[in-house]
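**Q** What follows is the file protein.cif, containing mmCIF, C-alpha atoms and all ligand atoms:
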data_entry
loop_
_atom_site.label_atom_id
_atom_site.label_comp_id
_atom_site.auth_asym_id
_atom_site.auth_seq_id
_atom_site.Cartn_x
_atom_site.Cartn_y
_atom_site.Cartn_z
CA MET Q 920 45.12 -8.26 6.86
CA ALA Q 921 44.75 -4.59 7.69
CA ALA Q 922 47.80 -2.41 8.33
CA SER Q 923 47.68 -1.35 12.00
CA SER Q 924 49.10 1.89 13.32
CA ARG Q 925 48.78 4.23 16.26
CA THR Q 926 48.22 7.97 16.60
CA GLN Q 927 46.93 10.38 19.22
CA VAL Q 928 44.06 12.02 17.32
CA GLY Q 929 42.24 10.50 14.35
CA ILE Q 930 40.64 13.25 12.28
CA VAL Q 931 37.82 12.45 9.84
CA GLY Q 932 37.56 15.11 7.11
CA ALA Q 933 39.98 17.57 5.53
CA GLY Q 934 37.69 20.60 5.35
CA PRO Q 935 38.71 23.77 7.20
CA ALA Q 936 37.80 22.22 10.59
CA GLY Q 937 39.86 19.02 10.20
CA LEU Q 938 42.81 20.81 8.63
CA LEU Q 939 43.06 23.58 11.23
CA LEU Q 940 42.66 21.06 14.04
CA ALA Q 941 45.57 19.00 12.68
CA HIS Q 942 47.63 22.19 12.39
CA LEU Q 943 46.91 23.40 15.95
CA LEU Q 944 47.57 19.93 17.38
CA ARG Q 945 50.95 19.85 15.67
CA LEU Q 946 51.79 23.18 17.34
CA HIS Q 947 50.86 21.51 20.66
CA GLY Q 948 53.15 18.58 19.82
CA ILE Q 949 50.22 16.19 19.31
CA GLU Q 950 50.22 13.70 16.45
CA SER Q 951 47.22 13.17 14.19
CA VAL Q 952 46.08 11.23 11.14
CA VAL Q 953 43.73 13.01 8.69
CA VAL Q 954 41.44 10.86 6.53
CA GLU Q 955 39.40 12.47 3.72
CA ASN Q 956 37.16 10.70 1.22
CA ARG Q 957 37.55 13.28 -1.58
CA THR Q 958 40.60 14.13 -3.65
CA ARG Q 959 42.91 17.03 -2.86
CA GLU Q 960 41.80 18.75 -6.09
CA TYR Q 961 38.15 18.49 -5.08
CA CYS Q 962 38.78 19.89 -1.59
CA GLU Q 963 40.75 22.80 -3.04
CA ALA Q 964 38.15 23.70 -5.67
CA ARG Q 965 34.95 23.76 -3.56
CA GLN Q 966 33.39 27.25 -3.60
CA ARG Q 967 32.27 28.32 -0.14
CA ALA Q 968 31.90 31.61 1.75
CA GLY Q 969 34.85 33.87 2.31
CA LEU Q 970 34.47 36.24 5.21
CA LEU Q 971 36.63 36.01 8.33
CA GLU Q 972 35.80 37.56 11.68
CA ALA Q 973 38.58 39.61 13.29
CA GLY Q 974 39.09 36.80 15.84
CA THR Q 975 39.49 34.21 13.07
CA VAL Q 976 42.12 36.40 11.41
CA GLU Q 977 43.99 36.73 14.72
CA LEU Q 978 43.72 33.01 15.30
CA LEU Q 979 45.16 32.09 11.89
CA ARG Q 980 47.98 34.59 12.46
CA ALA Q 981 48.73 33.23 15.95
CA ALA Q 982 48.84 29.71 14.47
CA GLY Q 983 51.34 30.80 11.80
CA ALA Q 984 48.81 30.10 9.04
CA GLY Q 985 48.06 33.69 8.03
CA ARG Q 986 50.89 34.66 5.70
CA ARG Q 987 48.94 34.57 2.40
CA MET Q 988 45.76 35.81 4.11
CA ASP Q 989 47.69 38.87 5.32
CA ALA Q 990 49.10 39.48 1.83
CA GLU Q 991 45.93 38.86 -0.19
CA GLY Q 992 42.95 39.24 2.19
CA LEU Q 993 40.88 42.42 1.97
CA GLU Q 994 40.27 44.07 5.32
CA HIS Q 995 36.87 45.80 5.56
CA ASP Q 996 35.79 48.34 8.19
CA GLY Q 997 32.07 47.80 7.72
CA ILE Q 998 29.18 46.76 5.52
CA TYR Q 999 26.35 48.42 3.63
CA LEU Q 1000 22.71 47.64 4.37
CA GLN Q 1001 20.37 48.59 1.54
CA PHE Q 1002 16.57 48.75 1.53
CA GLU Q 1003 13.88 50.76 -0.25
CA GLY Q 1004 16.51 51.87 -2.77
CA GLU Q 1005 18.73 53.55 -0.14
CA ARG Q 1006 22.19 52.40 0.95
CA HIS Q 1007 23.36 52.85 4.57
CA HIS Q 1008 26.86 52.26 5.91
CA VAL Q 1009 27.40 50.36 9.19
CA ASN Q 1010 30.89 51.19 10.45
CA ILE Q 1011 31.86 48.06 12.35
CA ARG Q 1012 35.32 49.31 13.27
CA GLU Q 1013 33.96 52.46 14.97
CA LEU Q 1014 31.06 50.67 16.63
CA THR Q 1015 33.21 47.90 18.11
CA GLY Q 1016 36.30 49.90 19.04
CA GLY Q 1017 38.52 48.49 16.33
CA ARG Q 1018 37.12 45.13 15.17
CA TRP Q 1019 36.79 44.36 11.45
CA VAL Q 1020 36.21 41.55 8.93
CA THR Q 1021 38.54 40.20 6.26
CA VAL Q 1022 37.50 38.87 2.86
CA TYR Q 1023 39.59 35.74 2.20
CA ALA Q 1024 37.99 32.69 0.59
CA GLN Q 1025 37.56 29.42 2.46
CA THR Q 1026 39.15 27.57 -0.48
CA GLU Q 1027 42.31 29.64 0.02
CA ILE Q 1028 42.45 28.72 3.72
CA VAL Q 1029 42.04 25.07 2.76
CA LYS Q 1030 44.91 25.34 0.24
CA ASP Q 1031 47.15 27.09 2.79
CA LEU Q 1032 46.51 24.46 5.50
CA ILE Q 1033 46.99 21.50 3.15
CA GLU Q 1034 50.26 22.95 1.91
CA SER Q 1035 51.49 23.63 5.43
CA ARG Q 1036 50.72 20.09 6.64
CA LEU Q 1037 52.33 18.41 3.65
CA ALA Q 1038 55.37 20.72 3.92
CA ALA Q 1039 55.80 19.62 7.56
CA GLY Q 1040 55.98 16.02 6.30
CA ASP Q 1041 52.62 14.95 7.75
CA PRO Q 1042 50.34 13.13 5.29
CA ILE Q 1043 46.65 13.59 4.54
CA GLU Q 1044 44.90 10.41 3.38
CA PHE Q 1045 42.91 11.83 0.44
CA GLY Q 1046 40.56 9.60 -1.57
CA ALA Q 1047 39.97 7.19 1.35
CA THR Q 1048 36.95 4.85 1.12
CA ASP Q 1049 34.91 2.87 3.65
CA VAL Q 1050 35.94 5.21 6.46
CA SER Q 1051 34.65 3.94 9.80
CA VAL Q 1052 34.95 4.89 13.46
CA THR Q 1053 34.38 2.34 16.25
CA ASP Q 1054 34.92 1.88 20.00
CA VAL Q 1055 34.40 5.55 20.82
CA THR Q 1056 33.42 4.77 24.42
CA SER Q 1057 36.69 2.89 25.02
CA ASP Q 1058 40.03 4.66 25.57
CA ARG Q 1059 41.32 3.29 22.20
CA PRO Q 1060 38.80 4.31 19.54
CA LEU Q 1061 39.60 2.92 16.10
CA LEU Q 1062 39.66 4.81 12.80
CA SER Q 1063 39.59 2.45 9.80
CA TYR Q 1064 39.72 3.22 6.08
CA THR Q 1065 40.85 1.90 2.74
CA GLY Q 1066 43.62 3.99 1.21
CA GLU Q 1067 43.83 5.04 -2.45
CA ASP Q 1068 46.09 2.02 -3.17
CA GLY Q 1069 43.45 -0.40 -1.80
CA THR Q 1070 45.20 -1.14 1.52
CA ARG Q 1071 42.93 -1.37 4.56
CA HIS Q 1072 44.21 0.65 7.55
CA GLU Q 1073 43.29 0.48 11.22
CA VAL Q 1074 44.51 3.37 13.31
CA ALA Q 1075 44.24 3.07 17.10
CA CYS Q 1076 43.65 6.56 18.52
CA ASP Q 1077 43.30 8.29 21.90
CA VAL Q 1078 40.57 10.53 20.52
CA ILE Q 1079 38.61 10.88 17.27
CA ALA Q 1080 37.56 14.25 15.85
CA GLY Q 1081 34.54 14.10 13.53
CA CYS Q 1082 35.22 17.01 11.18
CA ASP Q 1083 33.38 15.33 8.31
CA GLY Q 1084 30.74 17.94 7.51
CA PHE Q 1085 26.96 17.71 7.52
CA HIS Q 1086 26.76 14.41 5.60
CA GLY Q 1087 29.58 12.66 7.46
CA ILE Q 1088 29.66 9.41 9.43
CA SER Q 1089 30.50 10.86 12.85
CA ARG Q 1090 27.31 12.57 14.03
CA PRO Q 1091 25.18 9.37 13.75
CA LEU Q 1092 27.60 7.71 16.22
CA ILE Q 1093 26.28 9.86 19.07
CA PRO Q 1094 23.26 8.08 20.56
CA ASP Q 1095 20.31 10.23 21.66
CA ILE Q 1096 21.80 13.33 20.05
CA GLU Q 1097 19.29 16.21 20.06
CA THR Q 1098 18.85 18.15 16.84
CA TYR Q 1099 17.27 21.55 16.25
CA GLU Q 1100 16.44 22.57 12.71
CA ARG Q 1101 14.89 25.32 10.59
CA THR Q 1102 14.63 25.24 6.82
CA TYR Q 1103 13.97 28.48 4.99
CA PRO Q 1104 11.62 28.88 2.01
CA PHE Q 1105 14.40 30.28 -0.18
CA ALA Q 1106 17.89 29.56 -1.49
CA TRP Q 1107 20.88 31.55 -2.78
CA LEU Q 1108 21.94 31.57 -6.39
CA GLY Q 1109 25.67 32.38 -6.19
CA VAL Q 1110 27.92 33.52 -9.03
CA LEU Q 1111 31.63 34.15 -9.29
CA ALA Q 1112 32.50 36.75 -11.93
CA ASP Q 1113 35.68 38.16 -13.42
CA ALA Q 1114 34.63 41.73 -12.63
CA ALA Q 1115 36.36 44.31 -10.42
CA PRO Q 1116 33.85 44.98 -7.60
CA SER Q 1117 32.17 48.38 -7.91
CA THR Q 1118 31.81 48.52 -4.11
CA ASP Q 1119 34.52 48.87 -1.46
CA GLU Q 1120 32.59 46.82 1.13
CA LEU Q 1121 29.89 44.14 1.08
CA ILE Q 1122 26.32 45.21 0.31
CA TYR Q 1123 23.38 43.36 1.89
CA SER Q 1124 20.34 44.51 -0.05
CA ARG Q 1125 16.68 43.88 0.68
CA HIS Q 1126 14.59 44.43 -2.44
CA SER Q 1127 10.87 43.71 -2.85
CA ASP Q 1128 11.83 41.01 -5.40
CA GLY Q 1129 14.24 39.35 -2.96
CA PHE Q 1130 17.54 39.71 -1.16
CA ALA Q 1131 20.89 40.22 -2.94
CA LEU Q 1132 24.45 40.22 -1.60
CA TYR Q 1133 27.44 41.87 -3.25
CA SER Q 1134 30.66 40.24 -2.03
CA MET Q 1135 34.08 39.75 -3.57
CA ARG Q 1136 37.08 37.46 -3.69
CA SER Q 1137 39.80 39.89 -4.83
CA PRO Q 1138 40.16 43.32 -6.45
CA GLU Q 1139 39.40 41.56 -9.77
CA VAL Q 1140 36.75 38.99 -8.80
CA SER Q 1141 33.20 39.58 -7.56
CA ARG Q 1142 31.03 37.09 -5.67
CA LEU Q 1143 27.31 37.84 -5.93
CA TYR Q 1144 24.20 36.17 -4.59
CA LEU Q 1145 20.47 36.38 -5.32
CA GLN Q 1146 17.61 35.09 -3.21
CA VAL Q 1147 15.75 32.50 -5.32
CA SER Q 1148 13.30 29.69 -4.70
CA PRO Q 1149 14.81 26.43 -3.34
CA GLU Q 1150 13.30 24.67 -6.38
CA GLU Q 1151 15.03 27.07 -8.78
CA ARG Q 1152 16.71 25.39 -11.79
CA ILE Q 1153 20.11 26.87 -12.53
CA GLU Q 1154 19.48 26.27 -16.28
CA ASP Q 1155 16.73 28.90 -16.11
CA TRP Q 1156 19.23 31.59 -15.15
CA SER Q 1157 21.15 32.84 -18.17
CA ASP Q 1158 24.03 35.21 -17.46
CA ASP Q 1159 21.94 38.08 -18.87
CA ARG Q 1160 19.05 37.29 -16.56
CA ILE Q 1161 21.41 37.16 -13.55
CA TRP Q 1162 22.99 40.55 -14.32
CA ALA Q 1163 19.60 42.18 -14.97
CA GLU Q 1164 18.28 40.89 -11.63
CA LEU Q 1165 21.43 42.02 -9.78
CA GLN Q 1166 21.24 45.51 -11.35
CA LYS Q 1167 17.61 45.79 -10.24
CA ARG Q 1168 18.14 44.58 -6.66
CA PHE Q 1169 21.18 46.81 -6.05
CA ALA Q 1170 19.84 49.95 -7.79
CA VAL Q 1171 19.99 53.09 -5.62
CA HIS Q 1172 17.29 55.74 -6.11
CA GLY Q 1173 18.55 58.86 -7.81
CA SER Q 1174 21.98 57.37 -8.58
CA ASP Q 1175 23.48 55.80 -11.69
CA TRP Q 1176 25.65 53.41 -9.61
CA ARG Q 1177 25.81 49.94 -11.22
CA VAL Q 1178 27.11 46.48 -10.47
CA ALA Q 1179 30.25 45.91 -12.56
CA GLU Q 1180 29.59 43.01 -14.95
CA GLY Q 1181 32.06 40.44 -16.26
CA LYS Q 1182 32.46 36.82 -17.29
CA ILE Q 1183 30.60 34.46 -14.94
CA THR Q 1184 32.93 31.56 -14.09
CA ASP Q 1185 30.82 29.62 -11.54
CA LYS Q 1186 27.08 29.37 -10.83
CA SER Q 1187 25.26 27.35 -8.17
CA VAL Q 1188 22.12 27.24 -6.03
CA THR Q 1189 22.49 26.59 -2.27
CA PRO Q 1190 19.53 25.79 -0.02
CA MET Q 1191 19.42 27.50 3.38
CA ARG Q 1192 18.98 25.85 6.74
CA SER Q 1193 19.82 26.26 10.41
CA PHE Q 1194 20.79 23.04 12.19
CA VAL Q 1195 22.33 22.41 15.60
CA ALA Q 1196 23.11 19.00 17.12
CA GLY Q 1197 24.22 18.35 20.67
CA PRO Q 1198 25.99 17.15 22.64
CA MET Q 1199 28.98 17.51 20.34
CA GLN Q 1200 30.86 14.84 22.28
CA HIS Q 1201 30.36 11.17 23.13
CA GLY Q 1202 33.10 9.20 24.89
CA ARG Q 1203 36.30 9.88 22.94
CA LEU Q 1204 34.47 11.23 19.85
CA PHE Q 1205 34.28 15.01 19.37
CA LEU Q 1206 32.30 16.68 16.56
CA ALA Q 1207 33.45 19.99 15.06
CA GLY Q 1208 32.19 22.34 12.34
CA ASP Q 1209 29.44 21.42 9.89
CA ALA Q 1210 29.31 17.89 11.35
CA ALA Q 1211 27.48 19.44 14.31
CA HIS Q 1212 25.89 22.63 13.00
CA ILE Q 1213 24.87 24.53 9.87
CA VAL Q 1214 23.91 28.19 9.60
CA PRO Q 1215 22.31 29.96 6.64
CA PRO Q 1216 25.05 31.94 4.84
CA THR Q 1217 23.71 35.43 5.68
CA GLY Q 1218 26.52 36.80 7.88
CA ALA Q 1219 29.03 34.10 6.84
CA LYS Q 1220 29.32 32.42 10.24
CA GLY Q 1221 29.83 28.78 9.10
CA LEU Q 1222 33.58 28.88 8.54
CA ASN Q 1223 34.22 31.05 11.61
CA LEU Q 1224 32.26 28.65 13.82
CA ALA Q 1225 34.11 25.63 12.44
CA LEU Q 1226 37.49 27.24 13.14
CA SER Q 1227 36.38 28.31 16.65
CA ASP Q 1228 35.25 24.76 17.48
CA VAL Q 1229 38.58 23.24 16.60
CA THR Q 1230 40.49 25.90 18.51
CA VAL Q 1231 38.54 25.04 21.67
CA LEU Q 1232 39.12 21.36 20.88
CA ALA Q 1233 42.86 21.73 20.31
CA ASN Q 1234 43.26 23.59 23.62
CA ALA Q 1235 41.18 20.90 25.39
CA LEU Q 1236 43.02 17.95 23.80
CA SER Q 1237 46.35 19.47 24.64
CA ALA Q 1238 45.39 19.54 28.34
CA ALA Q 1239 43.97 16.01 28.12
CA LEU Q 1240 46.66 14.23 26.11
CA ARG Q 1241 49.73 16.08 27.39
CA ASP Q 1242 48.77 16.74 31.01
CA GLY Q 1243 46.08 14.10 31.63
CA GLU Q 1244 43.62 16.88 32.54
CA TRP Q 1245 40.22 16.13 30.89
CA ALA Q 1246 38.08 18.95 32.36
CA LEU Q 1247 38.28 21.16 29.26
CA ALA Q 1248 37.49 18.17 27.01
CA GLU Q 1249 34.45 17.33 29.17
CA ALA Q 1250 33.28 20.95 28.84
CA TYR Q 1251 33.92 21.02 25.05
CA SER Q 1252 30.32 20.61 23.92
CA ASP Q 1253 28.88 23.20 26.31
CA THR Q 1254 31.65 25.68 25.52
CA CYS Q 1255 31.08 25.37 21.77
CA LEU Q 1256 27.29 25.27 21.84
CA ARG Q 1257 27.12 28.66 23.56
CA ARG Q 1258 28.96 30.25 20.63
CA VAL Q 1259 27.09 28.11 18.10
CA TRP Q 1260 23.71 29.29 19.41
CA ARG Q 1261 24.83 32.95 19.37
CA ALA Q 1262 25.84 32.59 15.71
CA THR Q 1263 22.70 30.57 14.96
CA HIS Q 1264 20.55 33.35 16.34
CA PHE Q 1265 22.49 36.06 14.49
CA SER Q 1266 22.39 34.19 11.17
CA TRP Q 1267 18.65 33.54 11.56
CA TRP Q 1268 18.10 37.21 12.46
CA MET Q 1269 20.06 38.56 9.47
CA THR Q 1270 18.32 36.07 7.19
CA SER Q 1271 14.86 36.95 8.53
CA MET Q 1272 15.46 40.70 8.29
CA LEU Q 1273 16.70 40.68 4.70
CA HIS Q 1274 14.86 37.93 2.76
CA VAL Q 1275 11.44 38.43 1.26
CA ASN Q 1276 8.78 35.92 2.29
CA PRO Q 1277 7.88 34.16 -0.99
CA ALA Q 1278 4.30 33.75 0.23
CA GLY Q 1279 4.09 37.55 0.17
CA ASP Q 1280 3.20 38.75 3.65
CA PRO Q 1281 2.72 42.55 3.93
CA PHE Q 1282 2.97 42.33 7.74
CA ASP Q 1283 6.40 40.64 7.48
CA ASP Q 1284 7.49 43.27 4.94
CA GLN Q 1285 6.69 46.12 7.32
CA LEU Q 1286 8.42 44.42 10.26
CA GLN Q 1287 11.57 43.89 8.20
CA LEU Q 1288 11.65 47.48 7.00
CA SER Q 1289 11.09 48.75 10.52
CA GLN Q 1290 13.95 46.57 11.80
CA LEU Q 1291 16.26 47.78 9.01
CA ARG Q 1292 15.43 51.43 9.78
CA PHE Q 1293 16.09 50.75 13.48
CA VAL Q 1294 19.48 49.10 12.82
CA THR Q 1295 20.59 51.93 10.53
CA SER Q 1296 19.47 54.73 12.85
CA SER Q 1297 20.10 53.45 16.39
CA GLU Q 1298 23.70 53.16 17.53
CA ALA Q 1299 22.75 50.50 20.09
CA GLN Q 1300 21.16 48.32 17.38
CA ALA Q 1301 24.01 48.87 14.93
CA THR Q 1302 26.51 47.98 17.65
CA ALA Q 1303 24.73 44.70 18.33
CA LEU Q 1304 24.95 43.84 14.63
CA ALA Q 1305 28.61 44.91 14.48
CA GLU Q 1306 29.59 42.86 17.56
CA ASN Q 1307 28.03 39.71 16.14
CA TYR Q 1308 29.21 40.29 12.59
CA SER Q 1309 32.86 40.84 13.53
CA GLY Q 1310 32.72 37.92 16.00
CA PHE Q 1311 31.36 37.89 19.54
CA GLN Q 1312 33.74 36.67 22.27
CA PRO Q 1313 36.43 35.24 19.98
CA VAL Q 1314 38.26 32.07 20.99
CA ARG Q 1315 41.99 32.43 21.55
CA PHE Q 1316 44.58 29.83 20.74
CA SER Q 1317 47.06 29.27 23.54
CA LEU Q 1318 50.16 27.12 23.56
N1 LIG Q 1401 35.21 10.15 5.50
C1 LIG Q 1401 36.18 11.08 5.30
N2 LIG Q 1401 35.92 12.36 5.01
C2 LIG Q 1401 34.63 12.73 4.89
C3 LIG Q 1401 33.57 11.82 5.09
C4 LIG Q 1401 33.92 10.48 5.40
N3 LIG Q 1401 32.97 9.55 5.61
N4 LIG Q 1401 32.40 12.48 4.92
C5 LIG Q 1401 32.72 13.74 4.62
N5 LIG Q 1401 34.06 13.92 4.60
C6 LIG Q 1401 34.82 15.14 4.31
C7 LIG Q 1401 34.24 16.01 3.20
O1 LIG Q 1401 34.61 15.53 1.92
C8 LIG Q 1401 34.85 17.35 3.52
O2 LIG Q 1401 36.08 17.54 2.89
O3 LIG Q 1401 34.79 15.98 5.44
C9 LIG Q 1401 35.06 17.32 5.02
C10 LIG Q 1401 34.13 18.26 5.76
O4 LIG Q 1401 34.45 19.56 5.38
P1 LIG Q 1401 33.37 20.76 5.32
O5 LIG Q 1401 32.09 20.25 4.78
O6 LIG Q 1401 34.03 21.88 4.63
O7 LIG Q 1401 33.10 21.09 6.86
P2 LIG Q 1401 33.97 21.86 7.94
O8 LIG Q 1401 35.41 21.52 7.83
O9 LIG Q 1401 33.24 21.66 9.21
O10 LIG Q 1401 33.88 23.37 7.50
C11 LIG Q 1401 32.73 24.13 7.65
O11 LIG Q 1401 32.29 24.54 5.38
O12 LIG Q 1401 30.12 24.21 4.61
C12 LIG Q 1401 31.07 25.15 4.94
O13 LIG Q 1401 29.88 27.05 5.63
C13 LIG Q 1401 30.58 25.95 6.06
O14 LIG Q 1401 32.35 27.36 5.96
C14 LIG Q 1401 31.83 26.29 6.71
C15 LIG Q 1401 32.72 25.15 6.56
C1 LIG Q 1402 30.88 35.37 0.53
O1 LIG Q 1402 31.76 36.16 0.18
O2 LIG Q 1402 30.76 34.27 -0.01
C2 LIG Q 1402 29.94 35.76 1.59
C3 LIG Q 1402 30.15 36.94 2.29
C4 LIG Q 1402 29.26 37.33 3.27
C5 LIG Q 1402 28.17 36.55 3.55
C6 LIG Q 1402 27.96 35.35 2.88
C7 LIG Q 1402 28.85 34.96 1.90
O3 LIG Q 1402 27.28 36.97 4.48
#
Mind turning this structure into structure tokens?
Ligand code: APR
Ligand code: PHB

**A**
Amino acid sequence: MAASSRTQVGIVGAGPAGLLLAHLLRLHGIESVVVENRTREYCEARQRAGLLEAGTVELLRAAGAGRRMDAEGLEHDGIYLQFEGERHHVNIRELTGGRWVTVYAQTEIVKDLIESRLAAGDPIEFGATDVSVTDVTSDRPLLSYTGEDGTRHEVACDVIAGCDGFHGISRPLIPDIETYERTYPFAWLGVLADAAPSTDELIYSRHSDGFALYSMRSPEVSRLYLQVSPEERIEDWSDDRIWAELQKRFAVHGSDWRVAEGKITDKSVTPMRSFVAGPMQHGRLFLAGDAAHIVPPTGAKGLNLALSDVTVLANALSAALRDGEWALAEAYSDTCLRRVWRATHFSWWMTSMLHVNPAGDPFDDQLQLSQLRFVTSSEAQATALAENYSGFQPVRFSL
């Protein structure tokens, strides 16, 4: 016999999307159950991107989830774009009339939101197995799972939120869903290093051997990426080879500036793809975050999109479940997909401008260099980059 219970919103997945949704719903006075198939330790250790748009920072603050971010996050006014051995600054704050970005790792947001939910006395069902969602076209969809102690649970919900990432169970429940996809002929080799960054802001560098990104996690920890082949074997990249390649791709003509080296504590290769699925809603099932869309990491939009989705969803579910007004919930997919496609275009554009075609196409090379010169010399072009990078038309959270 399964243990039966009742909640308002059943949330599948305790990534940033599921966790922030649960948090915002609580602020709206709406109950939820969060079911996650990994352990808490696993969720808190996953290395992901770490750049927040100004609107995401404001959102986390407004939701009372920004205390540690405000203390430890690094606020940046702009970025550097580097090509042909020259480094150019793009001042996002000036170009956008005050917008910015904040470096604060996704793993830290996950830790903050888990701690806040548990402190409020609301559980998260970590380590759940056989998670299933049924009856999404009825007004009592069912979320079922087996808990860590082996007990089978059946939770009757008003609504289910599929926040279960790209490989989750929710997206396949939407019949006739349309998908749009682009895979790129390269990947990122990412390293985390105990080295104080030798740059004050992120550097996006196009080098004839491939793209490189200089990011950071704290004043003591650098996060660096190299464009590599998607078939690249991590075993073939010794620490020495990684540092030599980074020094080469970030070298500035006529300068002795260097990447600060240190102990590498994490190394991984991530493939790059764009993916959008819609509609993001079917009956009482709503998809959010990576469950519905993936962007390549150039520009770091994935986390920001996931948090925007759930903010729109929390506002919509509050109107639906508290006031019986479903118009915002019906519009959810269209509202989100407009932002998703803007970020999908921007991420594709940044990726295409900065990565070297492995097939070696001199025509592509010249187009990229021309685009980079345009962006770094035209205020109109730089402003378009700055608007997208710091977050176009941010979603607000309203109680
Ligand atoms: N049942 C329960 N939980 C599941 C299931 C399942 N069947 N399948 C997946 N999950 C969990 C995963 O273990 C993960 O913790 O759902 C969570 C999804 O989290 P994320 O993949 O982090 O996705 P999301 O919350 O949408 O956040 C998007 O993650 O990939 C990055 O760049 C992306 O920063 C963006 C962010
Ligand atoms: C990161 O810090 O991981 C990061 C930052 C900016 C990006 C991508 C990743 O564009």

**Q** For segment 940-953 of chain Q, find every residue with an atom within 8 Å (counting all atoms listed in the file), except residues of its own chain fewer than 3 positions away, and show them as a PDB file with C-alpha atoms, in the coordinates of the input.

**A**
ATOM      1  CA  THR Q 926      48.220   7.970  16.600  1.00  0.00           C
ATOM      2  CA  GLN Q 927      46.930  10.380  19.220  1.00  0.00           C
ATOM      3  CA  VAL Q 928      44.060  12.020  17.320  1.00  0.00           C
ATOM      4  CA  GLY Q 929      42.240  10.500  14.350  1.00  0.00           C
ATOM      5  CA  ILE Q 930      40.640  13.250  12.280  1.00  0.00           C
ATOM      6  CA  VAL Q 931      37.820  12.450   9.840  1.00  0.00           C
ATOM      7  CA  GLY Q 932      37.560  15.110   7.110  1.00  0.00           C
ATOM      8  CA  ALA Q 933      39.980  17.570   5.530  1.00  0.00           C
ATOM      9  CA  ALA Q 936      37.800  22.220  10.590  1.00  0.00           C
ATOM     10  CA  GLY Q 937      39.860  19.020  10.200  1.00  0.00           C
ATOM     11  CA  ALA Q 982      48.840  29.710  14.470  1.00  0.00           C
ATOM     12  CA  LEU Q1032      46.510  24.460   5.500  1.00  0.00           C
ATOM     13  CA  ARG Q1036      50.720  20.090   6.640  1.00  0.00           C
ATOM     14  CA  PRO Q1042      50.340  13.130   5.290  1.00  0.00           C
ATOM     15  CA  ILE Q1043      46.650  13.590   4.540  1.00  0.00           C
ATOM     16  CA  GLU Q1044      44.900  10.410   3.380  1.00  0.00           C
ATOM     17  CA  VAL Q1229      38.580  23.240  16.600  1.00  0.00           C
ATOM     18  CA  THR Q1230      40.490  25.900  18.510  1.00  0.00           C
ATOM     19  CA  LEU Q1232      39.120  21.360  20.880  1.00  0.00           C
ATOM     20  CA  ALA Q1233      42.860  21.730  20.310  1.00  0.00           C
ATOM     21  CA  SER Q1237      46.350  19.470  24.640  1.00  0.00           C
ATOM     22  CA  LEU Q1240      46.660  14.230  26.110  1.00  0.00           C
ATOM     23  CA  LEU Q1318      50.160  27.120  23.560  1.00  0.00           C
TER      24      LEU Q1318
END

**Q** Let me make sure I understand: among Q:Glu991, Q:Glu955, Q:Glu1150, Q:Glu977, which one has the smallest atom-to-atom distance to Gly1310 of chain Q if we use only C-alpha atoms?

**A** Q:Glu977

**Q** For ligand LIG 1402 (chain Q), collect every residue having any atom at a distance of at most 10 Å from a ligand atom (counting only C-alpha atoms and all ligand atoms); output as a ChimeraX atom specification.

**A** /Q:966-971,998,1020-1025,1107,1109-1111,1121-1123,1132-1136,1141-1144,1215-1221,1266,1269-1270,1308

**Q** Using the selection just defined, write its residues with C-alpha atoms as a compact mmCIF listing (two decimals), keeping the file's coordinate frame.

**A**
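result_28.txt, written as the output of this step:
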# COMPACT_ATOMS: atom_id res chain seq x y z
CA GLN Q 966 33.39 27.25 -3.60
CA ARG Q 967 32.27 28.32 -0.14
CA ALA Q 968 31.90 31.61 1.75
CA GLY Q 969 34.85 33.87 2.31
CA LEU Q 970 34.47 36.24 5.21
CA LEU Q 971 36.63 36.01 8.33
CA ILE Q 998 29.18 46.76 5.52
CA VAL Q 1020 36.21 41.55 8.93
CA THR Q 1021 38.54 40.20 6.26
CA VAL Q 1022 37.50 38.87 2.86
CA TYR Q 1023 39.59 35.74 2.20
CA ALA Q 1024 37.99 32.69 0.59
CA GLN Q 1025 37.56 29.42 2.46
CA TRP Q 1107 20.88 31.55 -2.78
CA GLY Q 1109 25.67 32.38 -6.19
CA VAL Q 1110 27.92 33.52 -9.03
CA LEU Q 1111 31.63 34.15 -9.29
CA LEU Q 1121 29.89 44.14 1.08
CA ILE Q 1122 26.32 45.21 0.31
CA TYR Q 1123 23.38 43.36 1.89
CA LEU Q 1132 24.45 40.22 -1.60
CA TYR Q 1133 27.44 41.87 -3.25
CA SER Q 1134 30.66 40.24 -2.03
CA MET Q 1135 34.08 39.75 -3.57
CA ARG Q 1136 37.08 37.46 -3.69
CA SER Q 1141 33.20 39.58 -7.56
CA ARG Q 1142 31.03 37.09 -5.67
CA LEU Q 1143 27.31 37.84 -5.93
CA TYR Q 1144 24.20 36.17 -4.59
CA PRO Q 1215 22.31 29.96 6.64
CA PRO Q 1216 25.05 31.94 4.84
CA THR Q 1217 23.71 35.43 5.68
CA GLY Q 1218 26.52 36.80 7.88
CA ALA Q 1219 29.03 34.10 6.84
CA LYS Q 1220 29.32 32.42 10.24
CA GLY Q 1221 29.83 28.78 9.10
CA SER Q 1266 22.39 34.19 11.17
CA MET Q 1269 20.06 38.56 9.47
CA THR Q 1270 18.32 36.07 7.19
CA TYR Q 1308 29.21 40.29 12.59

**Q** Choose the residue, out of Q:Leu979, Q:Ala964, Q:Ala1075, Q:Val1259, that has the smallest atom-to-atom separation from Ser924 of chain Q; count all atoms listed in the file.

**A** Q:Ala1075
